[in-house]
Amino acid sequence: MNKILLICTFLALYATANAQKLDKATAAKLSVSAVDAAKTDHRRQAAAAWQKKSISYGDKVMKFETRVFGQADAGKRSLYISLHGGGNTQPKVNDGQWENQKKLYSPAEGLYFVPRAPTNTWNLWHEEHIDAMLDEVIKSAVVFEGVDPNRVYLLGYSAGGDGLYQLAPRMADRLAAASMMAGHPGDASALPLRNLPFAIFMGGNDAAYDRNKLAAVWGKKLDSLEAADPGAYKHDVHIYEGLGHWMNRKDTVAISWMAGFKRNALPEKVIWVQDDRRHFDFYWLGTDTASKAGDAARVLIRKDRNEIVLEANTFQSLAIYLNDDMLDLDRPVWLTSNGKTLFKGKLKRSAALIRASAAKRLDTAQVFSAGLRITHGRATAL
């Protein structure tokens, strides 16, 4: 289907959907068409940057190199985003770390993507701009390289590991698994990792900044979270006794471990903890006022058939996005909190919401057609 026909098909479906009540089948068709149209638009906007191997965000520029390993069917390729070490040092040192990262790992299959950090700061992989840049990477890899959005993996070594600790909880909804090598967790929260398999690799003698001790602390933390929530917080922790910051490539087993997982795009239960780098969306949740959410704003929510249970929430405004893969939108939806019913009724499917969510992620697994918004304890339909 050529681009003009694709866009015309979407517009026709969108006009029809706006003119009448959306049923499940029409919403499904519109979701696919909306994602196709959004991909076409992204291809037009991002082609030059991808070909140039340079992604920009504001005044920041991130160069990158890629290698393709193995074979995959169209739309089924894996993506491994690999973050180099270095930090607050001379650019040539970080350049050297980038060169090293290019050849550090070799997946059996997938696009191996190695970016050069846009800055030369101590926190080079978890500054404000990084999340948006990696989101752009994922979308472009889907469009230009046939990557499956459910097979995106993130890993990082040393300063890249520092970034991994921070980025994985913030971007868990975009990833299938993540692996941290020889980094420091800083103030990262493990709670949002509920649905993201997470690995830790550390040399037992890597004592700088207490990296080794903190890796062990995080291992116990994840053990405790998994024990309290069976089936969640899948993790794999390796602390290699006698080894320092360089693990003699023992950490390369992370690649095959991660490859065994696919992303759960619509988990039954979500824990979202807002970081100082605030996000507007996380899995099937969102906020329209991220700046007012506050650092460490927290929501714990779960879905049980057509009932949504809000167990905790400190967001001033919280959106709950839904679709027909999550529940039966032809039946009433219940929203309860602390035993109180906040909403009960049927929700209308929205062509506008389908279009907006398709454009945001280019991902059919996270296109939403209906939803609720909670503001100051009151719930209304979107």
# chains A, B, ... in the order shown; residues from 1 in each chain; ligands from 1
call {"tool": "residues_around", "arguments": {"residues": "Pro332 (chain A)", "least_positions_apart": "2", "cutoff": "8 Å", "atoms": "only C-alpha atoms", "output": "list in words"}}
result
Asn306, Leu329, Asp330, Trp334, Lys344, Gly345, Lys346 and Leu347 of chain A
call {"tool": "select_by_dssp", "arguments": {"residues": "region 295-369 of chain A", "states": "strand (DSSP E or B)", "output": "number ranges by chain"}}
result
A: 298-304, 307-313, 317-322, 333-337, 340-345
call {"tool": "residues_around", "arguments": {"residues": "His126 (chain A)", "least_positions_apart": "6", "cutoff": "12 Å", "atoms": "only C-alpha atoms", "output": "MDAnalysis selection string"}}
result
chainID A and resid 83 87 117:120 132:134 156 159:171 184:188 275:278
call {"tool": "write_last_selection", "arguments": {"atoms": "C-alpha atoms", "output": "CSV table (one decimal), in the first residue's frame"}}
result
chain,number,residue,atom,x,y,z
A,83,LEU,CA,25.4,2.3,26.7
A,87,GLY,CA,31.6,10.0,32.5
A,117,ALA,CA,26.6,10.0,24.9
A,118,PRO,CA,25.7,13.6,24.0
A,119,THR,CA,27.6,15.0,26.9
A,120,ASN,CA,30.8,14.3,28.9
A,132,ALA,CA,13.4,11.3,24.8
A,133,MET,CA,16.4,10.4,22.6
A,134,LEU,CA,16.1,6.7,23.4
A,156,GLY,CA,25.1,-0.5,30.0
A,159,ALA,CA,28.7,4.9,33.6
A,160,GLY,CA,26.4,3.1,31.2
A,161,GLY,CA,25.4,0.9,34.2
A,162,ASP,CA,24.7,4.1,36.2
A,163,GLY,CA,22.4,5.2,33.5
A,164,LEU,CA,20.8,1.7,33.3
A,165,TYR,CA,19.8,1.7,37.0
A,166,GLN,CA,18.0,5.1,36.4
A,167,LEU,CA,16.6,4.5,32.9
A,168,ALA,CA,15.2,1.0,33.3
A,169,PRO,CA,12.6,2.0,36.0
A,170,ARG,CA,11.7,5.2,34.0
A,171,MET,CA,11.3,3.4,30.7
A,184,HIS,CA,26.0,2.6,40.7
A,185,PRO,CA,22.2,2.9,41.5
A,186,GLY,CA,22.2,6.4,42.9
A,187,ASP,CA,18.7,7.2,44.0
A,188,ALA,CA,16.9,4.9,41.5
A,275,ASP,CA,11.5,10.2,39.0
A,276,ASP,CA,13.0,13.7,38.9
A,277,ARG,CA,13.0,13.1,35.1
A,278,ARG,CA,9.2,13.0,34.8
call {"tool": "closest_atom_pairs", "arguments": {"of": "region 142-254 of chain A", "to": "region 266-270 of chain A", "cutoff": "12 Å", "atoms": "only C-alpha atoms", "output": "CSV"}}
result
residue,atom,partner,partner_atom,distance
A:Asn150,CA,A:Leu266,CA,11.0
A:Pro169,CA,A:Val270,CA,11.7
A:Ala172,CA,A:Val270,CA,10.5
A:Asp173,CA,A:Leu266,CA,8.7
A:Arg174,CA,A:Leu266,CA,11.0
A:Leu191,CA,A:Val270,CA,9.5
A:Pro192,CA,A:Val270,CA,7.5
A:Leu193,CA,A:Val270,CA,9.2
A:Arg194,CA,A:Val270,CA,7.2
A:Asn195,CA,A:Pro267,CA,7.0
A:Leu196,CA,A:Pro267,CA,10.2
A:Asp229,CA,A:Lys269,CA,10.4
A:Gly231,CA,A:Lys269,CA,11.3
A:Ala232,CA,A:Lys269,CA,9.4
A:Tyr233,CA,A:Val270,CA,11.5
call {"tool": "select_by_dssp", "arguments": {"residues": "region 250-295 of chain A", "states": "alpha helix (DSSP H)", "output": "PyMOL selection string"}}
result
chain A and resi 253-259+290-293
call {"tool": "residues_around", "arguments": {"residues": "Met258 (chain A)", "least_positions_apart": "2", "cutoff": "8 Å", "atoms": "only C-alpha atoms", "output": "JSON, numbers by chain"}}
result
{"A": [153, 176, 177, 178, 179, 197, 254, 255, 256, 260, 261]}
call {"tool": "write_last_selection", "arguments": {"atoms": "N, CA and C atoms", "output": "CSV table (one decimal), in the first residue's frame"}}
result
chain,number,residue,atom,x,y,z
A,153,TYR,N,15.9,-4.3,24.2
A,153,TYR,CA,16.7,-4.6,25.4
A,153,TYR,C,17.7,-3.5,25.6
A,176,ALA,N,11.9,-5.0,27.0
A,176,ALA,CA,11.6,-6.4,27.3
A,176,ALA,C,12.5,-6.9,28.4
A,177,ALA,N,13.7,-6.4,28.6
A,177,ALA,CA,14.6,-6.8,29.7
A,177,ALA,C,15.7,-5.7,29.7
A,178,ALA,N,16.4,-5.7,30.9
A,178,ALA,CA,17.5,-4.8,31.0
A,178,ALA,C,18.6,-5.4,31.8
A,179,SER,N,19.9,-5.0,31.5
A,179,SER,CA,21.0,-5.6,32.3
A,179,SER,C,22.0,-4.5,32.6
A,197,PRO,N,12.1,-7.8,33.5
A,197,PRO,CA,13.2,-8.6,33.9
A,197,PRO,C,14.5,-7.8,34.0
A,254,ALA,N,24.6,-11.9,29.7
A,254,ALA,CA,23.4,-11.1,29.8
A,254,ALA,C,22.6,-11.1,28.5
A,255,ILE,N,23.3,-11.2,27.4
A,255,ILE,CA,22.6,-11.0,26.1
A,255,ILE,C,21.6,-12.2,25.9
A,256,SER,N,22.1,-13.4,26.1
A,256,SER,CA,21.2,-14.6,25.9
A,256,SER,C,20.1,-14.6,27.0
A,260,GLY,N,15.6,-14.1,26.1
A,260,GLY,CA,14.6,-15.1,26.5
A,260,GLY,C,13.3,-14.4,26.9
A,261,PHE,N,13.2,-13.1,26.9
A,261,PHE,CA,12.0,-12.3,27.3
A,261,PHE,C,11.4,-11.5,26.2
call {"tool": "atom_distance", "arguments": {"atom1": "CA of Val333 (chain A)", "atom2": "CA of Asp363 (chain A)"}}
result
24.5 Å
call {"tool": "closest_residue", "arguments": {"among": "A:Ala25, A:Val68, A:Ala108, A:Met181", "to": "Gly146 (chain A)", "atoms": "only C-alpha atoms"}}
result
A:Val68
call {"tool": "closest_residue", "arguments": {"among": "A:Val147, A:Val299, A:Val152, A:Ala199", "to": "Lys234 (chain A)", "atoms": "only C-alpha atoms"}}
result
A:Ala199
call {"tool": "closest_residue", "arguments": {"among": "A:Ala356, A:Thr314, A:Arg302, A:Asn248", "to": "Val273 (chain A)", "atoms": "only C-alpha atoms"}}
result
A:Thr314
call {"tool": "residues_around", "arguments": {"residues": "region 308-311 of chain A", "least_positions_apart": "2", "cutoff": "10 Å", "atoms": "only C-alpha atoms", "output": "PyMOL selection string"}}
result
chain A and resi 268-269+271+299-306+313+320+327+333-343
call {"tool": "closest_residue", "arguments": {"among": "A:Thr121, A:Gln51, A:Gln366, A:Ser357", "to": "Arg263 (chain A)", "atoms": "only C-alpha atoms"}}
result
A:Gln366
call {"tool": "atom_distance", "arguments": {"atom1": "CA of Phe368 (chain A)", "atom2": "CA of Asp131 (chain A)"}}
result
22.1 Å
call {"tool": "closest_residue", "arguments": {"among": "A:Val114, A:Leu382, A:Leu243, A:Leu362", "to": "Ser350 (chain A)", "atoms": "only C-alpha atoms"}}
result
A:Leu382
